[in-house]
Structure formats: structure tokens, C-alpha cells
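Participant: If you scroll down you'll find the structure; I have some questions about it.
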Amino acid sequence: MILAGIELGGTKTIAALGDAGGNIIESVRFETTSPDKLIDRVCNYLVLKSSSLGPICGVGVGAFGPVVVNPRASNYGRLLKTNKSGWSGFDLAGSLAHRLPVPLALVTDVAAAGIAEARLGHLRGIELGLYLTIGTGIGGALLHNGQPLPALLHPEMGHLPLRRHPDDATPSACTFHSDCAEGLAAGPAIMARCGAWLSHFPPDGPEYHLVADYVGQLLASFQLSVSPQRIVIGGGVAQAAGLMDLIGKAMQTHLGGYVECDFHDPDFLVSPKLGGDAGVTGALLAAAAAADNEKRDWM
């Protein structure tokens with residue numbers, strides 16, 4: 001069974017063909033441009049490649065948000081107001097269904113990565129896990145026994161407010177909030193404040209410590225509110241050497257000793273086992289579930 005997986009990110013989009021086990025057979029990366037242009041390129045690639053592999057039986061999409069992922073909602077599959085120019089209101093599900101008339105599964109990009117880590121990676125066997133991504137934006141998903149928790153829309157963890165550092169006067173990179181995590185610590189915020197990516201600075205410098213402080217605040221909030229048993233952090237910003245250790249220390253500082261758990265456990269705060277493939281792998285697994293559900297409906 002050939003399946004299609006699409007990881008739609010704010011900067012890049014990955015399209016892949018694979019199998020029900022999440023194994024990638026073919027993949028390509030596109031710049032995330034205007035909606036119609038990008039979806040055309042993605043679908044043309046998938047159809048072309050499937051001509052030699054076999055018909056596509058299902059499509060899974062992990063999309064940046066906010067996006068309506070409830071299939072019972074009247075505006076299912078539409079992007080809501082977003083920081084990504086040109087995408088607000090775009091009918092993602094409808095556009096894909098028109099070009100690829102097969103069963104469709106739609107989740108957020110971070111939920112797709114979380115699903116992959118729960119099935120094949122560092123959240124496997126974890127009853128309540130948190131997947132967080134820090135890149136062009138900041139997003140998170142809670143996975144209970146391998147599945148994203150149901151919600152009214154979906155969690156927008158990156159837009160929780162933080163306490164600004166007194167020396168940080170750079171305007172928020174988020175067009176909606178002046179002090180949210182995404183506006184203060186995601187890639188565009190770092191670039192606006194520092195003029196370069198975090199990896200250009202020494203790991204013991206103030207740039208690292210400021211980002212770690214903001215993300216540590218965020219993780220402390222999660223630990224106090226939902227208390228995940230393991231946290232996986234992906235995304236380009238999180239790959240900066242040494243940042244994860246600083247984030248863990250900042251989280252404990254912001255907890256102030258109130259929650260006495262073994263946060264020093266090296267398995268508590270980790271990078272994705274699947275690396276940069278987590279999102280598109282999760283999209284393939286979601287596609288497999290959609291194809292299987294339709295097959296059962298016909299039985």
C-alpha cells in the first residue's frame with residue numbers, strides 16, 4: 001500500500017511516499033510559498049512518483065496552524081488567522097482532496113511528529129508525552145498512549161505568554177501577541193534580536209541563555225499544568241549545540257524547587273529519535289490510519 005505524507009511547515013514543506021509502517025520511499029523538500037502554488041507542486045510530485053510505485057491509497061498531512069483538524073467541523077481543513085502571510089483562511093483539506101481524491105488525515109505538524117515519536121521513537125511506551133518544536137514557530141502536542149489529546153481546536157502552546165527578560169526590548173516576532181513564546185524564542189525572533197541564527201553564537205553566551213530562559217519558562221508551565229512523563233524537543237532552533245542542557249536547567253530554575261521530580265534523568269528531556277523525518281513519518285502513519293478506516297467502512 002503506497003501512502004503520501006506531507007509535512008507543511010512555515011518555512012519548508014516535505015512531501016513523501018511511503019508505506020504503512022512510516023518508511024519513506026521517496027521524498028522531496030519545497031519552500032513553503034503561496035498556498036495554491038505549493039499544493040500544485042506537492043501534488044504533481046506525488047502523482048508523478050506514484051506512477052512507478054503504485055496508486056496512492058491515503059494522504060496524511062501535518063500542517064502548521066492554527067488549522068481546523070476536527071473532521072466534523074464546518075470549516076474542517078481550513079487555516080485560521082496565522083503569522084504565515086497568505087495562508088489565513090486557505091482551504092487546505094479541500095485543495096488536497098480536489099487533487100488527490102483518496103482518504104485524508106489532517107493533524108498539526110507537531111502532532112504528526114509526536115505520533116511518529118510515539119510509534120517509533122522516544123515517546124514509545126510513554127503514557128503521557130509532550131512533543132515540542134522550536135523552529136520558524138513554536139508548537140506542541142500532548143500524546144496520550146500515542147495519540148494526540150482531543151481538543152476544541154488543538155493546542156497552541158507556542159502562544160502562551162512569558163515573562164520578558166528585563167534586557168530584552170526587541171519587539172515580538174508574533175503579529176498577535178507581544179510576549180508569547182513564539183514571538184520571543186522562535187527562529188524569526190532570534191534573528192530579529194541577534195541578527196543571526198543561534199548557532200552563530202557561543203553556547204555559553206547571552207543569546208543562548210536568553211532563549212533557554214524563555215523555553216525553560218514554557219516547559220515549567222507544562223510541568224505544572226499537565227506534568228508530561230517525557231518531553232521531546234525538535235525543530236531547527238533546538239538543534240543548536242548545548243541548548244537542550246541550558247533549557248533543562250532553566251526549567252528547573254523556573255520551577256523553583258516546587259515540583260520534586262528527577263528532571264536530571266537523561267531520558268526526560270530529549271531530541272527526536274527520528275530527527276528531521278519525524279513530521280513526515282507521522283504524516284505517513286496518519287495516512288495509513290485514514291486508508292484503513294475507509295477500508296473498514298466498506299467491509
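Scheme for the C-alpha cells: letters A, B, ... for chains in order shown; per-chain residue numbers from 1; ligand numbers from 1 in order shown.
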Write out as a count of residues only all residues of stretch 24-147 of chain A that backbone DSSP assigns to alpha helix (DSSP H).
Facilitator: 39
Participant: Give me, as a PDB file with N, CA and C atoms, in the first residue's frame, all polymer residues having an atom no more than 6 Å from stretch 227-233 of chain A, counting only C-alpha atoms and skipping those fewer than 6 positions away in the same chain.
Facilitator:
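Generated output (out-v6.pdb):
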ATOM      1  N   LEU A 128       1.976   9.556  28.867  1.00  0.00           N
ATOM      2  CA  LEU A 128       1.688  10.968  28.589  1.00  0.00           C
ATOM      3  C   LEU A 128       2.992  11.665  28.226  1.00  0.00           C
ATOM      4  N   GLY A 129       3.150  11.966  26.951  1.00  0.00           N
ATOM      5  CA  GLY A 129       4.367  12.610  26.463  1.00  0.00           C
ATOM      6  C   GLY A 129       4.064  13.934  25.796  1.00  0.00           C
ATOM      7  N   LEU A 130       5.061  14.789  25.769  1.00  0.00           N
ATOM      8  CA  LEU A 130       4.946  16.099  25.128  1.00  0.00           C
ATOM      9  C   LEU A 130       5.960  16.194  24.014  1.00  0.00           C
ATOM     10  N   TYR A 131       5.494  16.577  22.821  1.00  0.00           N
ATOM     11  CA  TYR A 131       6.400  16.877  21.715  1.00  0.00           C
ATOM     12  C   TYR A 131       6.333  18.375  21.472  1.00  0.00           C
ATOM     13  N   LEU A 132       7.493  19.022  21.499  1.00  0.00           N
ATOM     14  CA  LEU A 132       7.584  20.462  21.269  1.00  0.00           C
ATOM     15  C   LEU A 132       8.542  20.707  20.117  1.00  0.00           C
ATOM     16  N   THR A 133       8.195  21.635  19.243  1.00  0.00           N
ATOM     17  CA  THR A 133       9.108  22.005  18.170  1.00  0.00           C
ATOM     18  C   THR A 133       9.407  23.493  18.263  1.00  0.00           C
ATOM     19  N   PHE A 268      14.491  12.245  30.263  1.00  0.00           N
ATOM     20  CA  PHE A 268      13.317  13.090  30.451  1.00  0.00           C
ATOM     21  C   PHE A 268      13.190  14.142  29.355  1.00  0.00           C
ATOM     22  N   LEU A 269      14.267  14.826  29.012  1.00  0.00           N
ATOM     23  CA  LEU A 269      14.258  15.889  28.008  1.00  0.00           C
ATOM     24  C   LEU A 269      15.210  15.476  26.899  1.00  0.00           C
ATOM     25  N   VAL A 270      14.655  15.142  25.731  1.00  0.00           N
ATOM     26  CA  VAL A 270      15.471  14.538  24.666  1.00  0.00           C
ATOM     27  C   VAL A 270      15.127  15.132  23.307  1.00  0.00           C
ATOM     28  N   SER A 271      16.025  14.913  22.362  1.00  0.00           N
ATOM     29  CA  SER A 271      15.788  15.262  20.960  1.00  0.00           C
ATOM     30  C   SER A 271      15.020  14.126  20.278  1.00  0.00           C
ATOM     31  N   PRO A 272      14.382  14.401  19.145  1.00  0.00           N
ATOM     32  CA  PRO A 272      13.631  13.347  18.453  1.00  0.00           C
ATOM     33  C   PRO A 272      14.544  12.212  17.987  1.00  0.00           C
TER      34      PRO A 272
END
Participant: To one decimal place, how far is atom CA of A:Gly187 from atom CA of A:Cys174 in Å?
Facilitator: 11.2 Å
Participant: At a cut-off of 8 Å, can you tabulate as a tab-separated table every residue of stretch 47-68 of chain A near stretch 73-81 of chain A together with its closest atom pair and the distance in Å to one decimal, using only C-alpha atoms and ordering rows by chain then number?
Facilitator:
residue	atom	partner	partner_atom	distance
A:Gly65	CA	A:Leu79	CA	6.4
A:Pro66	CA	A:Leu80	CA	5.4
A:Val67	CA	A:Leu79	CA	4.3
A:Val68	CA	A:Tyr76	CA	5.1
Participant: Please dump the current selection as a PDB file, in the first residue's frame; keep N, CA and C atoms.
Facilitator:
ATOM      1  N   GLY A  65      -0.261  25.691  12.055  1.00  0.00           N
ATOM      2  CA  GLY A  65      -1.597  26.165  12.391  1.00  0.00           C
ATOM      3  C   GLY A  65      -1.640  27.649  12.675  1.00  0.00           C
ATOM      4  N   PRO A  66      -2.772  28.051  13.229  1.00  0.00           N
ATOM      5  CA  PRO A  66      -3.908  27.215  13.614  1.00  0.00           C
ATOM      6  C   PRO A  66      -4.639  26.660  12.386  1.00  0.00           C
ATOM      7  N   VAL A  67      -5.046  25.407  12.478  1.00  0.00           N
ATOM      8  CA  VAL A  67      -5.778  24.759  11.403  1.00  0.00           C
ATOM      9  C   VAL A  67      -6.873  23.911  12.037  1.00  0.00           C
ATOM     10  N   VAL A  68      -8.023  23.843  11.400  1.00  0.00           N
ATOM     11  CA  VAL A  68      -9.166  23.097  11.939  1.00  0.00           C
ATOM     12  C   VAL A  68      -8.982  21.622  11.607  1.00  0.00           C
TER      13      VAL A  68
END
Participant: With distances taken over only C-alpha atoms, which of A:Leu152, A:Ala238, A:Val102, A:Leu38 is nearest to A:Gly86?
Facilitator: A:Leu38
Participant: When you look at A:Asp179 with a cut-off of 9 Å (counting only C-alpha atoms), what residues show up, excluding the ones that are within fewer than 5 positions of it in the same chain? I need them as a list in words.
Facilitator: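 After dropping sequence-adjacent residues, the list is His159, Leu160, Pro161, Leu162, Arg163, Arg164, Pro171, Ser172, Cys174 and Leu184 of chain A.
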Participant: Which is closest to A:Gly94 among A:Leu106, A:Ile2, A:Leu48, A:Val211, if we use only C-alpha atoms?
Facilitator: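 So, comparing all the options, the nearest one is A:Leu106.
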Participant: Using only C-alpha atoms, tabulate the residues of stretch 7-93 of chain A lying at most 10 Å from any atom of stretch 284-295 of chain A, each with its closest atom pair and that distance in Å to one decimal, by chain and increasing residue number, as JSON lines.
Facilitator:
{"residue": "A:Glu7", "atom": "CA", "partner": "A:Leu284", "partner_atom": "CA", "distance": 9.6}
{"residue": "A:Ala15", "atom": "CA", "partner": "A:Leu284", "partner_atom": "CA", "distance": 9.9}
{"residue": "A:Ala16", "atom": "CA", "partner": "A:Leu284", "partner_atom": "CA", "distance": 8.0}
{"residue": "A:Leu17", "atom": "CA", "partner": "A:Leu284", "partner_atom": "CA", "distance": 7.8}
{"residue": "A:Gly18", "atom": "CA", "partner": "A:Leu284", "partner_atom": "CA", "distance": 6.6}
{"residue": "A:Asp19", "atom": "CA", "partner": "A:Leu284", "partner_atom": "CA", "distance": 7.1}
{"residue": "A:Ala20", "atom": "CA", "partner": "A:Ala288", "partner_atom": "CA", "distance": 5.1}
{"residue": "A:Gly21", "atom": "CA", "partner": "A:Leu285", "partner_atom": "CA", "distance": 6.6}
{"residue": "A:Gly22", "atom": "CA", "partner": "A:Leu284", "partner_atom": "CA", "distance": 5.3}
{"residue": "A:Asn23", "atom": "CA", "partner": "A:Leu284", "partner_atom": "CA", "distance": 8.0}
{"residue": "A:Ile24", "atom": "CA", "partner": "A:Leu284", "partner_atom": "CA", "distance": 8.2}
{"residue": "A:Ile56", "atom": "CA", "partner": "A:Ala291", "partner_atom": "CA", "distance": 9.7}
{"residue": "A:Cys57", "atom": "CA", "partner": "A:Ala291", "partner_atom": "CA", "distance": 6.2}
{"residue": "A:Gly58", "atom": "CA", "partner": "A:Ala287", "partner_atom": "CA", "distance": 5.0}
{"residue": "A:Val59", "atom": "CA", "partner": "A:Ala287", "partner_atom": "CA", "distance": 4.7}
{"residue": "A:Gly60", "atom": "CA", "partner": "A:Ala287", "partner_atom": "CA", "distance": 4.0}
{"residue": "A:Val61", "atom": "CA", "partner": "A:Ala286", "partner_atom": "CA", "distance": 7.7}
{"residue": "A:Gly62", "atom": "CA", "partner": "A:Ala286", "partner_atom": "CA", "distance": 8.8}
Participant: Just the selected residues (N, CA and C atoms), exported as a PDB file, in the first residue's frame, please.
Facilitator:
ATOM      1  N   GLU A   7       4.441  17.115   5.268  1.00  0.00           N
ATOM      2  CA  GLU A   7       4.728  17.935   6.436  1.00  0.00           C
ATOM      3  C   GLU A   7       4.784  19.388   5.974  1.00  0.00           C
ATOM      4  N   ALA A  15       7.316  16.465   1.178  1.00  0.00           N
ATOM      5  CA  ALA A  15       6.344  15.527   0.621  1.00  0.00           C
ATOM      6  C   ALA A  15       7.035  14.186   0.442  1.00  0.00           C
ATOM      7  N   ALA A  16       6.329  13.125   0.786  1.00  0.00           N
ATOM      8  CA  ALA A  16       6.950  11.797   0.721  1.00  0.00           C
ATOM      9  C   ALA A  16       5.937  10.753   0.319  1.00  0.00           C
ATOM     10  N   LEU A  17       6.435   9.697  -0.277  1.00  0.00           N
ATOM     11  CA  LEU A  17       5.682   8.471  -0.489  1.00  0.00           C
ATOM     12  C   LEU A  17       6.317   7.397   0.372  1.00  0.00           C
ATOM     13  N   GLY A  18       5.466   6.578   1.003  1.00  0.00           N
ATOM     14  CA  GLY A  18       5.983   5.558   1.884  1.00  0.00           C
ATOM     15  C   GLY A  18       4.968   4.472   2.132  1.00  0.00           C
ATOM     16  N   ASP A  19       5.213   3.685   3.194  1.00  0.00           N
ATOM     17  CA  ASP A  19       4.320   2.569   3.486  1.00  0.00           C
ATOM     18  C   ASP A  19       3.647   2.762   4.835  1.00  0.00           C
ATOM     19  N   ALA A  20       2.832   1.781   5.214  1.00  0.00           N
ATOM     20  CA  ALA A  20       2.027   1.897   6.431  1.00  0.00           C
ATOM     21  C   ALA A  20       2.860   1.846   7.705  1.00  0.00           C
ATOM     22  N   GLY A  21       4.107   1.438   7.612  1.00  0.00           N
ATOM     23  CA  GLY A  21       4.986   1.428   8.763  1.00  0.00           C
ATOM     24  C   GLY A  21       5.724   2.735   8.959  1.00  0.00           C
ATOM     25  N   GLY A  22       5.430   3.718   8.099  1.00  0.00           N
ATOM     26  CA  GLY A  22       6.100   5.007   8.199  1.00  0.00           C
ATOM     27  C   GLY A  22       7.434   5.067   7.482  1.00  0.00           C
ATOM     28  N   ASN A  23       7.752   4.033   6.714  1.00  0.00           N
ATOM     29  CA  ASN A  23       9.020   4.005   5.979  1.00  0.00           C
ATOM     30  C   ASN A  23       8.934   4.885   4.735  1.00  0.00           C
ATOM     31  N   ILE A  24       9.883   5.769   4.566  1.00  0.00           N
ATOM     32  CA  ILE A  24       9.903   6.714   3.445  1.00  0.00           C
ATOM     33  C   ILE A  24      10.579   6.055   2.245  1.00  0.00           C
ATOM     34  N   ILE A  56      -1.740   5.833  -4.935  1.00  0.00           N
ATOM     35  CA  ILE A  56      -1.755   6.346  -3.572  1.00  0.00           C
ATOM     36  C   ILE A  56      -3.069   5.944  -2.905  1.00  0.00           C
ATOM     37  N   CYS A  57      -2.986   5.321  -1.737  1.00  0.00           N
ATOM     38  CA  CYS A  57      -4.179   4.830  -1.039  1.00  0.00           C
ATOM     39  C   CYS A  57      -4.647   5.746   0.089  1.00  0.00           C
ATOM     40  N   GLY A  58      -3.840   6.718   0.454  1.00  0.00           N
ATOM     41  CA  GLY A  58      -4.208   7.631   1.529  1.00  0.00           C
ATOM     42  C   GLY A  58      -3.190   8.743   1.642  1.00  0.00           C
ATOM     43  N   VAL A  59      -3.635   9.887   2.158  1.00  0.00           N
ATOM     44  CA  VAL A  59      -2.760  11.045   2.346  1.00  0.00           C
ATOM     45  C   VAL A  59      -2.832  11.485   3.803  1.00  0.00           C
ATOM     46  N   GLY A  60      -1.683  11.691   4.398  1.00  0.00           N
ATOM     47  CA  GLY A  60      -1.612  12.242   5.743  1.00  0.00           C
ATOM     48  C   GLY A  60      -0.907  13.581   5.696  1.00  0.00           C
ATOM     49  N   VAL A  61      -1.436  14.554   6.417  1.00  0.00           N
ATOM     50  CA  VAL A  61      -0.878  15.903   6.414  1.00  0.00           C
ATOM     51  C   VAL A  61      -0.646  16.354   7.844  1.00  0.00           C
ATOM     52  N   GLY A  62       0.561  16.821   8.111  1.00  0.00           N
ATOM     53  CA  GLY A  62       0.865  17.512   9.354  1.00  0.00           C
ATOM     54  C   GLY A  62       1.111  18.963   9.001  1.00  0.00           C
TER      55      GLY A  62
END
Participant: Please list as a ChimeraX atom specification every residue within 9 Å of A:Leu255, counting only C-alpha atoms and excluding residues in the same chain fewer than 5 positions away.
Facilitator: /A:217,220-221,223-224,250
Participant: Let's have the selection written as a CSV table (one decimal), in the first residue's frame, with N, CA and C atoms.
Facilitator:
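Below you can see again13.csv, which holds the result:
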chain,number,residue,atom,x,y,z
A,217,GLN,N,11.0,28.6,30.8
A,217,GLN,CA,9.7,29.1,31.4
A,217,GLN,C,8.5,28.3,30.8
A,220,ALA,N,8.4,24.8,32.2
A,220,ALA,CA,8.0,24.8,33.6
A,220,ALA,C,6.4,24.9,33.7
A,221,SER,N,5.8,25.7,32.8
A,221,SER,CA,4.4,25.8,32.7
A,221,SER,C,3.7,24.5,32.4
A,223,GLN,N,5.0,21.5,32.9
A,223,GLN,CA,5.2,20.6,34.0
A,223,GLN,C,4.2,20.8,35.1
A,224,LEU,N,3.9,22.1,35.4
A,224,LEU,CA,3.0,22.4,36.4
A,224,LEU,C,1.5,22.2,36.0
A,250,ALA,N,17.2,25.8,33.0
A,250,ALA,CA,16.2,27.0,33.1
A,250,ALA,C,14.9,26.5,33.6
Participant: Pick out the residues sitting within 9 Å of stretch 28-34 of chain A, and hand them over as number ranges by chain; count only C-alpha atoms, and ignore anything fewer than 5 positions along from it in its own chain.
Facilitator: A: 8-16, 39, 41-42, 45, 85-87
Participant: With distances taken over only C-alpha atoms, which of A:Gly234, A:Gly137, A:Ile126, A:Arg72 is nearest to A:Gly276?
Facilitator: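 Result for the nearest residue to A:Gly276: A:Gly234.
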Participant: Check the smallest atom-to-atom distance from each of A:Leu210, A:Leu153, A:Ala186, A:Ile134 to A:Asp168 using only C-alpha atoms, then report the winner.
Facilitator: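 Ranking A:Leu210, A:Leu153, A:Ala186, A:Ile134 by distance to A:Asp168, first place goes to A:Leu210.
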Participant: So that I can see what lies close to A:Ala278, please list as a list in words the residues with an atom at most 10 Å from it, counting only C-alpha atoms and leaving out residues fewer than 6 positions away in the same chain.
Facilitator: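 So the residues in contact are Glu7, Gly22, Asp109, Val110, Ala111, Ala112, Ala113, Gly114, Ile115, Ala116, Glu117, Leu120, Gly121, Gly234 and Pro272 of chain A.
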Participant: When distances are computed from only C-alpha atoms, which of A:Gln239, A:Asn83, A:Gln147, A:Ser178 shows the smallest separation from A:Gly135?
Facilitator: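 With only C-alpha atoms as the atom set, the closest residue is A:Gln239.
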Participant: Pick from A:Val215, A:Leu100, A:Ala169, A:Leu243: nearest to A:Phe201, with only C-alpha atoms counted?
Facilitator: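 Among the listed residues, the smallest separation from A:Phe201 belongs to A:Leu243.
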Participant: Rounded to one decimal, what separation in Å do you get between atom CA of A:Arg119 and atom CA of A:Gly282?
Facilitator: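 If I compute the distance from atom CA of A:Arg119 to atom CA of A:Gly282, I get 8.6 Å.
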